[in-house]
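Engineer: Below is the file target.cif, with mmCIF, C-alpha atoms (C1' of nucleotides).
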```
data_entry
#
loop_
_atom_site.label_atom_id
_atom_site.label_comp_id
_atom_site.auth_asym_id
_atom_site.auth_seq_id
_atom_site.Cartn_x
_atom_site.Cartn_y
_atom_site.Cartn_z
CA MET P 1 113.11 85.75 25.02
CA LEU P 2 116.35 85.11 26.88
CA ASP P 3 114.70 82.35 28.90
CA ARG P 4 113.40 80.65 25.79
CA LEU P 5 116.79 80.73 24.08
CA LYS P 6 118.35 79.33 27.22
CA GLU P 7 115.82 76.50 27.39
CA GLN P 8 116.59 75.66 23.77
CA GLY P 9 120.21 75.40 24.78
CA SER P 10 121.20 78.05 22.26
CA LEU P 11 122.22 80.62 24.83
CA THR P 12 124.73 80.39 27.63
CA LEU P 13 125.26 83.10 30.21
CA PHE P 14 128.23 83.55 32.44
CA GLN P 15 126.12 82.67 35.48
CA ASP P 16 125.74 79.22 33.93
CA VAL P 17 129.51 78.87 33.86
CA GLU P 18 130.80 80.10 37.20
CA MET P 19 128.95 77.64 39.45
CA PRO P 20 129.57 74.48 37.35
CA LEU P 21 133.22 75.50 37.13
CA VAL P 22 133.64 75.33 40.91
CA PRO P 23 133.95 71.52 41.18
CA VAL P 24 136.32 71.56 38.19
CA LEU P 25 138.58 74.09 39.90
CA ALA P 26 138.36 72.13 43.14
CA GLU P 27 139.52 69.02 41.35
CA ILE P 28 142.44 70.82 39.68
CA GLU P 29 143.52 72.14 43.07
CA ARG P 30 143.22 68.69 44.62
CA ASN P 31 145.11 67.00 41.77
CA GLY P 32 148.18 69.22 42.06
CA PHE P 33 151.32 69.33 39.89
CA LEU P 34 154.29 67.00 40.40
CA LEU P 35 157.70 68.66 40.82
CA ASP P 36 161.24 67.43 40.21
CA VAL P 37 162.66 68.67 43.50
CA GLU P 38 166.12 67.17 42.92
CA GLY P 39 166.38 69.01 39.62
CA LEU P 40 165.49 72.30 41.28
CA ARG P 41 167.99 71.76 44.11
CA ALA P 42 170.75 71.25 41.56
CA LEU P 43 169.61 74.30 39.61
CA SER P 44 169.63 76.37 42.79
CA LYS P 45 173.29 75.52 43.46
CA GLU P 46 174.15 76.40 39.88
CA LEU P 47 172.36 79.74 40.11
CA GLU P 48 174.02 80.49 43.43
CA ARG P 49 177.48 80.04 41.94
CA GLU P 50 176.53 82.10 38.88
CA LEU P 51 175.08 84.90 41.03
CA ASP P 52 178.22 84.98 43.20
CA ARG P 53 180.38 85.39 40.11
CA MET P 54 178.14 88.16 38.81
CA MET P 55 178.17 89.94 42.15
CA GLU P 56 181.97 90.25 41.94
CA THR P 57 181.83 91.61 38.40
CA ILE P 58 179.19 94.12 39.42
CA ALA P 59 181.15 95.28 42.48
CA ARG P 60 184.20 95.79 40.26
CA LEU P 61 182.24 97.82 37.67
CA ALA P 62 180.52 99.84 40.41
CA GLY P 63 183.73 100.47 42.35
CA GLY P 64 182.40 98.84 45.51
CA GLU P 65 179.86 96.43 46.96
CA PHE P 66 176.19 97.31 47.37
CA ASN P 67 172.82 95.54 47.57
CA ILE P 68 171.96 94.89 43.93
CA ASN P 69 168.39 94.03 44.91
CA SER P 70 167.84 97.53 46.22
CA PRO P 71 166.60 99.86 43.46
CA LYS P 72 167.46 102.76 45.75
CA GLN P 73 171.10 101.75 46.24
CA LEU P 74 171.38 100.91 42.57
CA ALA P 75 170.08 104.34 41.57
CA THR P 76 172.71 105.95 43.81
CA VAL P 77 175.47 103.94 42.13
CA LEU P 78 174.25 104.56 38.58
CA PHE P 79 173.24 108.19 38.75
CA GLU P 80 175.44 109.69 41.49
CA LYS P 81 178.56 107.56 41.70
CA LEU P 82 178.90 106.79 37.98
CA GLY P 83 177.10 109.90 36.79
CA LEU P 84 174.95 108.15 34.17
CA LYS P 85 172.03 110.05 32.75
CA PRO P 86 168.78 109.18 34.56
CA GLY P 87 165.66 108.27 32.60
CA ARG P 88 162.13 108.44 33.93
CA LYS P 89 161.26 108.90 37.59
CA THR P 90 159.09 106.84 39.91
CA LYS P 91 157.24 108.08 43.01
CA THR P 92 160.33 107.44 45.11
CA GLY P 93 163.25 108.26 42.83
CA TYR P 94 164.88 107.47 39.52
CA SER P 95 163.65 104.31 37.86
CA THR P 96 166.01 101.38 37.38
CA ASP P 97 163.58 99.13 35.55
CA GLU P 98 164.38 97.02 32.51
CA ASP P 99 163.60 99.70 29.93
CA THR P 100 165.76 102.23 31.71
CA LEU P 101 168.71 99.87 32.18
CA THR P 102 168.51 98.76 28.55
CA GLN P 103 168.85 102.39 27.50
CA LEU P 104 171.72 102.96 29.93
CA ALA P 105 173.56 99.95 28.54
CA THR P 106 174.82 102.12 25.68
CA GLN P 107 176.73 104.31 28.15
CA HIS P 108 178.28 101.77 30.53
CA ASP P 109 178.86 98.04 31.07
CA LEU P 110 177.18 97.92 34.49
CA PRO P 111 173.47 98.15 33.49
CA ALA P 112 173.56 95.01 31.34
CA GLN P 113 175.21 93.09 34.18
CA ILE P 114 172.52 94.31 36.57
CA LEU P 115 169.78 93.14 34.23
CA ASN P 116 171.40 89.76 33.96
CA TYR P 117 171.81 89.49 37.72
CA ARG P 118 168.22 90.57 38.33
CA SER P 119 166.68 88.02 36.00
CA LEU P 120 168.64 85.16 37.57
CA SER P 121 167.96 86.38 41.09
CA LYS P 122 164.24 86.56 40.29
CA LEU P 123 164.14 83.01 39.00
CA LYS P 124 166.06 81.68 41.99
CA SER P 125 164.03 83.38 44.72
CA THR P 126 160.56 83.25 43.17
CA TYR P 127 160.64 79.77 41.67
CA VAL P 128 163.69 77.57 42.18
CA ASP P 129 163.95 78.07 45.95
CA ALA P 130 160.32 78.89 46.76
CA LEU P 131 158.43 76.10 44.98
CA PRO P 132 159.96 73.09 46.78
CA GLU P 133 158.94 74.69 50.08
CA LEU P 134 155.30 74.64 49.00
CA LEU P 135 154.93 70.92 48.35
CA HIS P 136 152.08 69.36 50.29
CA PRO P 137 153.46 67.04 52.98
CA ASP P 138 151.03 64.22 52.11
CA THR P 139 150.77 64.39 48.33
CA LYS P 140 154.29 65.81 47.69
CA ARG P 141 152.72 67.98 45.01
CA LEU P 142 152.12 71.67 44.36
CA HIS P 143 148.49 72.60 44.98
CA THR P 144 147.66 76.08 43.73
CA SER P 145 144.51 78.04 44.53
CA LEU P 146 142.51 79.09 41.48
CA ASN P 147 140.48 82.18 42.26
CA GLN P 148 137.38 82.99 40.31
CA THR P 149 136.54 86.31 41.97
CA VAL P 150 139.75 88.31 41.68
CA ALA P 151 140.38 89.39 38.09
CA ALA P 152 138.06 92.15 36.88
CA THR P 153 137.80 90.67 33.38
CA GLY P 154 136.61 87.21 34.47
CA ARG P 155 139.95 85.49 34.16
CA LEU P 156 141.09 83.07 36.83
CA SER P 157 143.99 83.96 39.07
CA SER P 158 146.41 81.56 40.76
CA THR P 159 148.04 81.93 44.16
CA GLU P 160 150.23 80.11 46.67
CA PRO P 161 151.88 79.29 44.43
CA ASN P 162 151.02 81.24 41.31
CA LEU P 163 151.34 78.56 38.64
CA GLN P 164 150.18 80.93 35.89
CA ASN P 165 153.51 82.75 35.71
CA ILE P 166 156.03 79.93 35.59
CA PRO P 167 158.95 81.03 33.35
CA VAL P 168 158.92 79.98 29.72
CA LYS P 169 161.76 82.08 28.25
CA GLY P 170 165.52 81.80 28.51
CA ASP P 171 167.79 78.89 29.36
CA TYR P 172 167.16 78.97 33.08
CA GLY P 173 163.44 79.66 32.62
CA LEU P 174 163.17 76.51 30.51
CA ARG P 175 165.13 74.55 33.13
CA ILE P 176 162.44 75.56 35.64
CA ARG P 177 159.67 74.34 33.31
CA GLU P 178 161.53 71.07 33.03
CA ALA P 179 160.97 70.56 36.75
CA PHE P 180 157.20 70.34 36.25
CA ILE P 181 156.82 66.66 35.47
CA ALA P 182 154.45 63.79 34.81
CA PRO P 183 154.37 60.83 37.21
CA LYS P 184 155.64 57.41 36.12
CA GLY P 185 153.56 55.86 33.35
CA HIS P 186 152.01 59.22 32.46
CA GLU P 187 152.56 62.09 30.04
CA LEU P 188 151.72 65.78 30.30
CA LEU P 189 149.30 66.96 27.64
CA CYS P 190 149.20 70.71 26.93
CA ALA P 191 146.37 72.15 24.89
CA ASP P 192 146.70 75.73 23.78
CA TYR P 193 144.12 77.95 22.06
CA SER P 194 145.91 79.46 19.06
CA GLN P 195 145.34 83.22 18.65
CA ILE P 196 142.31 83.24 20.92
CA GLU P 197 142.09 86.99 21.37
CA PRO P 198 142.45 87.97 17.69
CA ARG P 199 139.80 85.38 16.87
CA ILE P 200 137.47 86.94 19.42
CA LEU P 201 138.30 90.33 17.96
CA ALA P 202 137.27 89.00 14.55
CA HIS P 203 134.02 87.64 15.97
CA LEU P 204 133.05 90.71 17.99
CA SER P 205 133.91 93.16 15.21
CA GLN P 206 132.57 90.97 12.38
CA ASP P 207 135.38 92.42 10.30
CA PRO P 208 135.17 90.60 6.95
CA ARG P 209 138.92 90.52 6.36
CA LEU P 210 139.75 89.22 9.81
CA ILE P 211 137.01 86.61 9.58
CA SER P 212 138.31 85.51 6.19
CA VAL P 213 141.87 85.14 7.51
CA PHE P 214 140.73 82.74 10.22
CA ALA P 215 138.19 80.96 8.01
CA LYS P 216 140.99 80.12 5.55
CA GLY P 217 143.39 79.15 8.32
CA GLU P 218 145.87 81.84 7.28
CA ASP P 219 148.63 83.31 9.44
CA ILE P 220 147.06 86.35 11.13
CA HIS P 221 150.32 88.22 11.64
CA MET P 222 151.45 87.65 8.07
CA ALA P 223 148.04 88.80 6.84
CA THR P 224 148.07 92.00 8.91
CA ALA P 225 151.68 92.67 7.87
CA MET P 226 150.63 92.42 4.21
CA GLU P 227 147.79 94.88 4.83
CA ILE P 228 149.79 97.33 6.93
CA PHE P 229 152.81 97.42 4.63
CA GLY P 230 150.85 96.89 1.42
CA LEU P 231 153.17 94.13 0.22
CA PRO P 232 152.73 90.54 -0.99
CA SER P 233 153.69 87.74 1.40
CA GLY P 234 157.01 87.15 -0.37
CA GLN P 235 158.20 90.62 0.56
CA ILE P 236 157.27 90.52 4.25
CA THR P 237 160.37 90.30 6.44
CA ARG P 238 160.58 88.80 9.93
CA ASP P 239 160.72 92.29 11.41
CA MET P 240 157.63 93.37 9.49
CA ARG P 241 155.71 90.34 10.70
CA ARG P 242 156.90 90.99 14.25
CA ALA P 243 155.80 94.63 14.04
CA ALA P 244 152.39 93.54 12.74
CA LYS P 245 152.08 91.10 15.64
CA THR P 246 152.75 93.92 18.08
CA VAL P 247 150.17 96.10 16.36
CA VAL P 248 147.50 93.41 16.79
CA PHE P 249 148.42 93.04 20.46
CA GLY P 250 148.34 96.79 20.82
CA ILE P 251 144.91 97.05 19.21
CA VAL P 252 143.55 94.53 21.70
CA TYR P 253 145.03 96.55 24.58
CA GLY P 254 143.81 99.97 23.39
CA ILE P 255 146.92 101.23 21.71
CA SER P 256 148.53 104.65 21.57
CA PRO P 257 151.12 105.66 18.96
CA PHE P 258 153.52 106.37 21.86
CA GLY P 259 153.10 102.90 23.36
CA LEU P 260 153.57 101.18 20.02
CA SER P 261 156.60 103.29 19.12
CA GLN P 262 158.25 102.44 22.45
CA ASN P 263 157.51 98.79 21.97
CA ILE P 264 158.81 98.26 18.46
CA GLY P 265 161.39 101.05 18.38
CA VAL P 266 160.07 103.20 15.57
CA SER P 267 159.14 106.89 15.59
CA GLN P 268 155.76 107.91 16.93
CA ALA P 269 154.84 109.15 13.47
CA GLU P 270 155.67 105.75 12.03
CA ALA P 271 153.69 103.98 14.78
CA LYS P 272 150.74 106.27 14.13
CA LYS P 273 150.84 105.30 10.47
CA TYR P 274 150.73 101.57 11.32
CA ILE P 275 147.74 102.07 13.58
CA GLU P 276 145.87 104.21 11.07
CA THR P 277 146.55 101.79 8.26
CA PHE P 278 145.37 98.89 10.42
CA PHE P 279 142.11 100.69 11.12
CA GLU P 280 141.68 101.56 7.44
CA LYS P 281 142.14 97.95 6.39
CA PHE P 282 140.15 96.49 9.28
CA SER P 283 137.61 99.25 9.71
CA ALA P 284 135.10 97.12 11.59
CA VAL P 285 137.66 96.84 14.37
CA ARG P 286 137.68 100.59 14.87
CA ALA P 287 133.88 100.54 14.88
CA LEU P 288 133.98 97.87 17.60
CA MET P 289 136.36 99.93 19.74
CA ASP P 290 134.14 103.01 19.37
CA ARG P 291 131.07 100.94 20.20
CA ASN P 292 132.66 99.41 23.28
CA ILE P 293 133.68 102.82 24.60
CA ALA P 294 130.30 104.41 23.86
CA GLU P 295 128.40 101.53 25.44
CA GLY P 296 130.70 101.53 28.45
CA LYS P 297 130.12 105.25 28.95
CA GLU P 298 126.38 104.92 28.60
CA LYS P 299 125.85 101.85 30.78
CA GLY P 300 128.80 102.16 33.14
CA TYR P 301 130.08 98.70 32.26
CA THR P 302 131.22 96.54 29.36
CA THR P 303 130.04 93.01 28.52
CA THR P 304 131.49 89.76 27.20
CA ILE P 305 130.11 87.05 24.92
CA LEU P 306 128.39 85.43 27.89
CA GLY P 307 127.10 88.73 29.27
CA ARG P 308 129.71 89.13 32.00
CA ARG P 309 129.90 92.76 33.09
CA ARG P 310 132.88 94.83 34.11
CA PRO P 311 132.05 98.17 35.70
CA ILE P 312 134.30 100.96 34.42
CA PRO P 313 133.62 104.12 36.47
CA GLU P 314 136.78 105.72 35.02
CA LEU P 315 134.85 106.32 31.79
CA GLN P 316 132.82 108.98 33.59
CA SER P 317 135.89 110.72 35.07
CA GLY P 318 136.60 114.36 34.33
CA ASP P 319 140.31 113.60 34.34
CA PRO P 320 141.48 112.84 30.78
CA VAL P 321 144.18 110.47 32.04
CA GLN P 322 141.67 108.44 34.05
CA ARG P 323 139.27 108.47 31.14
CA GLY P 324 142.05 107.18 28.89
CA PHE P 325 142.54 104.27 31.28
CA GLY P 326 138.81 103.65 31.22
CA GLU P 327 138.70 103.68 27.44
CA ARG P 328 141.50 101.13 27.16
CA MET P 329 139.74 98.93 29.70
CA ALA P 330 136.54 99.24 27.66
CA ILE P 331 138.44 98.10 24.58
CA ASN P 332 140.27 95.23 26.23
CA SER P 333 137.79 93.83 28.74
CA PRO P 334 135.23 92.43 26.28
CA ILE P 335 138.05 90.62 24.45
CA GLN P 336 140.02 89.32 27.42
CA GLY P 337 136.79 88.56 29.28
CA SER P 338 135.23 86.69 26.35
CA ALA P 339 138.37 84.57 26.07
CA ALA P 340 137.99 83.80 29.78
CA ASP P 341 134.32 82.85 29.26
CA LEU P 342 135.27 80.58 26.43
CA ILE P 343 137.94 78.56 28.18
CA LYS P 344 135.72 78.21 31.24
CA VAL P 345 133.04 76.57 29.09
CA ALA P 346 135.76 74.37 27.60
CA MET P 347 136.94 73.32 31.06
CA ILE P 348 133.43 72.28 32.05
CA ASN P 349 132.89 70.34 28.82
CA VAL P 350 136.28 68.62 28.89
CA HIS P 351 135.89 67.75 32.54
CA LYS P 352 132.51 66.17 31.91
CA LYS P 353 133.79 64.04 29.03
CA LEU P 354 136.86 62.96 30.97
CA HIS P 355 134.68 61.96 33.88
CA GLN P 356 132.63 59.77 31.51
CA ASP P 357 135.32 58.30 29.29
CA GLN P 358 138.70 58.71 30.97
CA PRO P 359 138.54 58.95 34.74
CA HIS P 360 142.32 58.52 35.01
CA THR P 361 143.16 61.59 32.94
CA LYS P 362 143.45 64.59 35.24
CA MET P 363 143.17 68.29 34.48
CA ILE P 364 145.98 69.89 36.50
CA LEU P 365 146.15 73.54 35.40
CA GLN P 366 144.67 76.41 33.39
CA VAL P 367 146.86 79.25 32.18
CA HIS P 368 144.37 81.64 30.53
CA ASP P 369 144.40 80.12 27.03
CA GLU P 370 145.90 76.76 27.86
CA LEU P 371 144.88 73.59 29.72
CA ILE P 372 147.30 71.02 31.11
CA PHE P 373 146.52 67.37 31.77
CA GLU P 374 148.20 64.36 33.30
CA VAL P 375 147.43 61.38 31.09
CA PRO P 376 148.15 57.66 31.54
CA GLU P 377 150.34 56.64 28.59
CA LYS P 378 147.79 54.15 27.27
CA ASN P 379 145.08 56.84 27.12
CA LEU P 380 147.16 59.40 25.31
CA ASP P 381 145.78 59.17 21.78
CA GLU P 382 142.20 59.20 23.00
CA ALA P 383 142.85 62.08 25.41
CA LYS P 384 144.39 64.20 22.65
CA ARG P 385 141.38 63.65 20.44
CA LEU P 386 138.87 64.34 23.20
CA VAL P 387 140.55 67.52 24.49
CA LYS P 388 141.04 69.06 21.05
CA LYS P 389 137.47 68.27 20.01
CA GLU P 390 135.90 69.67 23.18
CA MET P 391 138.04 72.80 23.29
CA GLU P 392 137.50 73.65 19.62
CA GLY P 393 133.83 72.73 19.90
CA VAL P 394 133.18 75.67 22.22
CA GLY P 395 133.40 77.98 19.19
CA LYS P 396 130.39 76.36 17.56
CA GLN P 397 128.55 76.02 20.87
CA LEU P 398 128.79 79.76 21.50
CA GLY P 399 128.13 80.71 17.88
CA LEU P 400 131.52 82.22 17.06
CA SER P 401 131.93 83.50 13.51
CA VAL P 402 135.44 82.08 13.28
CA PRO P 403 136.79 78.60 13.95
CA LEU P 404 138.84 77.97 17.09
CA LYS P 405 142.18 76.21 16.80
CA VAL P 406 143.87 74.22 19.55
CA ASP P 407 147.54 73.17 19.45
CA LEU P 408 148.59 70.10 21.40
CA GLY P 409 151.90 69.16 22.98
CA VAL P 410 152.93 66.02 24.83
CA GLY P 411 155.93 65.21 26.99
CA LYS P 412 157.36 64.02 30.27
CA ASN P 413 157.76 67.59 31.48
CA TRP P 414 156.14 70.97 30.90
CA ARG P 415 159.03 72.28 28.84
CA VAL P 416 158.80 69.67 26.14
CA ALA P 417 155.01 69.36 26.36
CA HIS P 418 154.44 73.06 25.75
CA PRO P 419 153.18 73.38 22.15
"C1'" DC V 1 152.49 97.94 54.51
"C1'" DC V 2 153.71 100.29 50.25
"C1'" DC V 3 156.81 100.51 46.37
"C1'" DT V 4 159.41 98.69 42.62
"C1'" DT V 5 160.46 95.16 39.74
"C1'" DC V 6 159.52 91.29 36.85
"C1'" DA V 7 157.48 86.46 35.94
"C1'" DC V 8 153.25 84.87 32.87
"C1'" DG V 9 149.01 85.18 29.26
"C1'" DA B 1 149.43 120.16 27.89
"C1'" DC B 2 149.47 115.61 29.53
"C1'" DG B 3 150.60 110.71 30.02
"C1'" DT B 4 150.96 106.96 27.50
"C1'" DA B 5 149.01 99.01 25.99
"C1'" DC B 6 145.33 94.89 29.09
"C1'" DG B 7 145.11 91.40 33.13
"C1'" DT B 8 147.48 89.13 37.21
"C1'" DG B 9 150.99 87.50 41.89
"C1'" DA B 10 155.41 87.23 44.48
"C1'" DA B 11 159.83 88.75 46.25
"C1'" DG B 12 162.80 92.04 48.34
"C1'" DG B 13 163.77 96.62 50.17
"C1'" DG B 14 162.65 100.26 53.05
"C1'" DT B 15 159.65 102.95 56.03
#
```
Kindly return the structure encoded in the file as structure tokens.
Structural biologist:
Amino acid sequence: MLDRLKEQGSLTLFQDVEMPLVPVLAEIERNGFLLDVEGLRALSKELERELDRMMETIARLAGGEFNINSPKQLATVLFEKLGLKPGRKTKTGYSTDEDTLTQLATQHDLPAQILNYRSLSKLKSTYVDALPELLHPDTKRLHTSLNQTVAATGRLSSTEPNLQNIPVKGDYGLRIREAFIAPKGHELLCADYSQIEPRILAHLSQDPRLISVFAKGEDIHMATAMEIFGLPSGQITRDMRRAAKTVVFGIVYGISPFGLSQNIGVSQAEAKKYIETFFEKFSAVRALMDRNIAEGKEKGYTTTILGRRRPIPELQSGDPVQRGFGERMAINSPIQGSAADLIKVAMINVHKKLHQDQPHTKMILQVHDELIFEVPEKNLDEAKRLVKKEMEGVGKQLGLSVPLKVDLGVGKNWRVAHP
DNA sequence: CCCTTCACG
DNA sequence: ACGTACGTGAAGGGT
């Protein structure tokens, strides 16, 4: 049966994707990404001056100098020297992570300064200073490695450098994106799947309301906000829409009332109500979660649209905490993994068409739900059409019950090209 | 070499 | 009673 469907071309399995993807990945790695090194050098100087200033402020607030990059020294300053109230503990001592410092910011001026310092220091060391060192001596470009056998869900991973976690938020983050540029006579084209995971959730669950939202091209977060809060669109505030967005994310991740309450800053009881209401209104989603967990327990693995398996031994654990992890993996993996399947098929299809019609347009990166191309200016209109058509076409090819939507952005650098 | 932290989807 | 949202990679500190 499976063989016959495959011969008819109506069935694709993940095995049929991994191997054909290899030459596509090889080409992306070979193509590389062009970098504005001068821009980054200037930014580095600017960050250095800024960090020096902040270091003085921090020393003044702390009553002495210390290594701000050392969580251990920082904990000593915050919790012993200044006597602030510690939050949660790690294996090695009191935590000084972002959540903790944000809480502490109500008691003292130092924590906010530390957070500020940390974010800038991160950007400088991980990106601004590190990336120019990794340019290939011959091509003068960044050539990442895209790994197909690392992520348990079937996603790609990117190393040396990781180009899948280039900053996208904040003033300095955007300045870093600006340094990823198109060569002369070219533009960057970014093509982004819109709401890929909720769409897959709609397909896998066959929830009629979710399917209808996407079929009509409605705003998923507005629609869930209306359901959760029981109000018409005119009465949905920004905060309500934002909360609904977080609920949808949470559902995909295997939510707990605690996690949601922490994330959106409401009581656990309130968070529990949101989750329950969501499951009442989208009851097929709860059925999908239950099914995924039950199937994972029975078979020892979960599956994606293309039949990719993820073993989840934690589901058989006697330890409730481990089993909880396993259950969340069983909820998330089919969704995240199916999204990975989908974009891999898209990459193969787009690559094939480009090879035929536009050999000078190069695929230069994949970032989970997004593809980035370097396009000769004269080919831009045709490239946009081709990429959007091929990426959206994967939905029909794989028999999805909802349409796929791709947003496009164009520009001379990654900041402005990002849709 | 492990731990903590934080950058992305 | 318990811990508590999925998947990654890199840098810096400290042993």
Engineer: Using all atoms listed in the file, I'd like every residue of chain B that has an atom within 7 Å of chain P; please write them out as a list of chain:residue names.
Structural biologist: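 Every residue of chain B that passes the 7 Å test is in B:DG3, B:DT4, B:DA5, B:DC6, B:DT8, B:DG9, B:DA10, B:DA11, B:DG12, B:DG13.
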Engineer: Once you count all atoms listed in the file, which residues of chain P turn out to be within 9 Å of chain V? Could you give them as a list of chain:residue names?
Structural biologist: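 Interface list for chain P against chain V: P:Pro71, P:Thr90, P:Lys91, P:Thr92, P:Ser95, P:Thr96, P:Asp97, P:Glu98, P:Arg118, P:Ser119, P:Lys122, P:Leu123, P:Thr126, P:Leu163, P:Gln164, P:Asn165, P:Ile166, P:Pro167, P:Val168, P:Val367, P:His368, P:Asp369.
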Engineer: Specify as a PDB file with C-alpha atoms, keeping the file's coordinate frame each residue included when the PyMOL selection byres ((chain P and resi 221-232) around 7) is applied to this file.
Structural biologist:
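Final output, expr_37.pdb:
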```pdb
ATOM      1  CA  ASP P 219     148.630  83.310   9.440  1.00  0.00           C
ATOM      2  CA  ILE P 220     147.060  86.350  11.130  1.00  0.00           C
ATOM      3  CA  SER P 233     153.690  87.740   1.400  1.00  0.00           C
ATOM      4  CA  GLY P 234     157.010  87.150  -0.370  1.00  0.00           C
ATOM      5  CA  GLN P 235     158.200  90.620   0.560  1.00  0.00           C
ATOM      6  CA  ILE P 236     157.270  90.520   4.250  1.00  0.00           C
ATOM      7  CA  MET P 240     157.630  93.370   9.490  1.00  0.00           C
ATOM      8  CA  ARG P 241     155.710  90.340  10.700  1.00  0.00           C
ATOM      9  CA  ALA P 244     152.390  93.540  12.740  1.00  0.00           C
ATOM     10  CA  LYS P 245     152.080  91.100  15.640  1.00  0.00           C
ATOM     11  CA  TYR P 274     150.730 101.570  11.320  1.00  0.00           C
ATOM     12  CA  THR P 277     146.550 101.790   8.260  1.00  0.00           C
ATOM     13  CA  PHE P 278     145.370  98.890  10.420  1.00  0.00           C
ATOM     14  CA  LYS P 281     142.140  97.950   6.390  1.00  0.00           C
TER      15      LYS P 281
END
```
Engineer: Apply the PyMOL selection byres ((chain P and resi 22-27) around 9) to the displayed file and report the matching residues as JSON, numbers by chain.
Structural biologist: {"P": [17, 18, 19, 20, 21, 28, 29, 30, 31, 32, 145, 146, 147, 148, 347, 348, 351, 362, 363, 364, 365]}
Engineer: What separation in Å, quoted to one decimal, exists between CA of Lys389 in chain P and CA of Val375 in chain P?
Structural biologist: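 Value for the CA of Lys389 in chain P-CA of Val375 in chain P distance: 16.4 Å.
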Engineer: To one decimal place in Å, what is the distance between CA of Leu11 in chain P and CA of Arg308 in chain P?
Structural biologist: 13.4 Å
Engineer: When you draw a straight line from CA of Glu80 in chain P to CA of Ala62 in chain P, how long is it in Å?
Structural biologist: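 For CA of Glu80 in chain P relative to CA of Ala62 in chain P, the distance reads 11.1 Å.
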Engineer: Restricting the calculation to all atoms listed in the file, which member of P:Leu174, P:Ala294, P:Leu51, P:Ala59 is positioned closest to Trp414 in chain P?
Structural biologist: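 Among the listed residues, P:Leu174 lies closest to Trp414 in chain P.
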Engineer: Taking all atoms listed in the file into account, name the residue in P:Leu204, P:Leu34, P:Leu43, P:Ile211 that is nearest to Thr144 in chain P.
Structural biologist: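 Going through P:Leu204, P:Leu34, P:Leu43, P:Ile211 one by one, the smallest distance to Thr144 in chain P is for P:Leu34.
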Engineer: Restricting the calculation to all atoms listed in the file: of P:Gln113, P:Asn413, P:Ser338, P:Gln268, which residue gets closest to Leu400 in chain P?
Structural biologist: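 Counting all atoms listed in the file, the residue closest to Leu400 in chain P is P:Ser338.
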Engineer: Kindly output range 251-262 of chain P as a PDB file, keeping the file's coordinate frame, after building N, CA and C atoms.
Structural biologist:
```
ATOM      1  N   ILE P 251     146.317  96.761  19.494  1.00  0.00           N
ATOM      2  CA  ILE P 251     144.910  97.050  19.210  1.00  0.00           C
ATOM      3  C   ILE P 251     144.033  96.467  20.312  1.00  0.00           C
ATOM      4  N   VAL P 252     144.334  95.217  20.680  1.00  0.00           N
ATOM      5  CA  VAL P 252     143.550  94.530  21.700  1.00  0.00           C
ATOM      6  C   VAL P 252     143.665  95.237  23.055  1.00  0.00           C
ATOM      7  N   TYR P 253     144.798  95.889  23.295  1.00  0.00           N
ATOM      8  CA  TYR P 253     145.030  96.550  24.580  1.00  0.00           C
ATOM      9  C   TYR P 253     144.560  98.006  24.591  1.00  0.00           C
ATOM     10  N   GLY P 254     144.169  98.550  23.450  1.00  0.00           N
ATOM     11  CA  GLY P 254     143.810  99.970  23.390  1.00  0.00           C
ATOM     12  C   GLY P 254     145.044 100.817  23.199  1.00  0.00           C
ATOM     13  N   ILE P 255     145.576 100.721  22.025  1.00  0.00           N
ATOM     14  CA  ILE P 255     146.920 101.230  21.710  1.00  0.00           C
ATOM     15  C   ILE P 255     147.008 102.748  21.649  1.00  0.00           C
ATOM     16  N   SER P 256     148.220 103.262  21.913  1.00  0.00           N
ATOM     17  CA  SER P 256     148.530 104.650  21.570  1.00  0.00           C
ATOM     18  C   SER P 256     149.775 104.623  20.697  1.00  0.00           C
ATOM     19  N   PRO P 257     149.918 105.611  19.810  1.00  0.00           N
ATOM     20  CA  PRO P 257     151.120 105.660  18.960  1.00  0.00           C
ATOM     21  C   PRO P 257     152.391 105.652  19.816  1.00  0.00           C
ATOM     22  N   PHE P 258     152.365 106.345  20.958  1.00  0.00           N
ATOM     23  CA  PHE P 258     153.520 106.370  21.860  1.00  0.00           C
ATOM     24  C   PHE P 258     153.877 104.958  22.338  1.00  0.00           C
ATOM     25  N   GLY P 259     152.868 104.236  22.841  1.00  0.00           N
ATOM     26  CA  GLY P 259     153.100 102.900  23.360  1.00  0.00           C
ATOM     27  C   GLY P 259     153.676 101.974  22.295  1.00  0.00           C
ATOM     28  N   LEU P 260     153.093 102.031  21.106  1.00  0.00           N
ATOM     29  CA  LEU P 260     153.570 101.180  20.020  1.00  0.00           C
ATOM     30  C   LEU P 260     154.987 101.546  19.616  1.00  0.00           C
ATOM     31  N   SER P 261     155.266 102.847  19.542  1.00  0.00           N
ATOM     32  CA  SER P 261     156.600 103.290  19.120  1.00  0.00           C
ATOM     33  C   SER P 261     157.654 102.822  20.121  1.00  0.00           C
ATOM     34  N   GLN P 262     157.338 102.919  21.421  1.00  0.00           N
ATOM     35  CA  GLN P 262     158.250 102.440  22.450  1.00  0.00           C
ATOM     36  C   GLN P 262     158.506 100.945  22.286  1.00  0.00           C
TER      37      GLN P 262
END
```
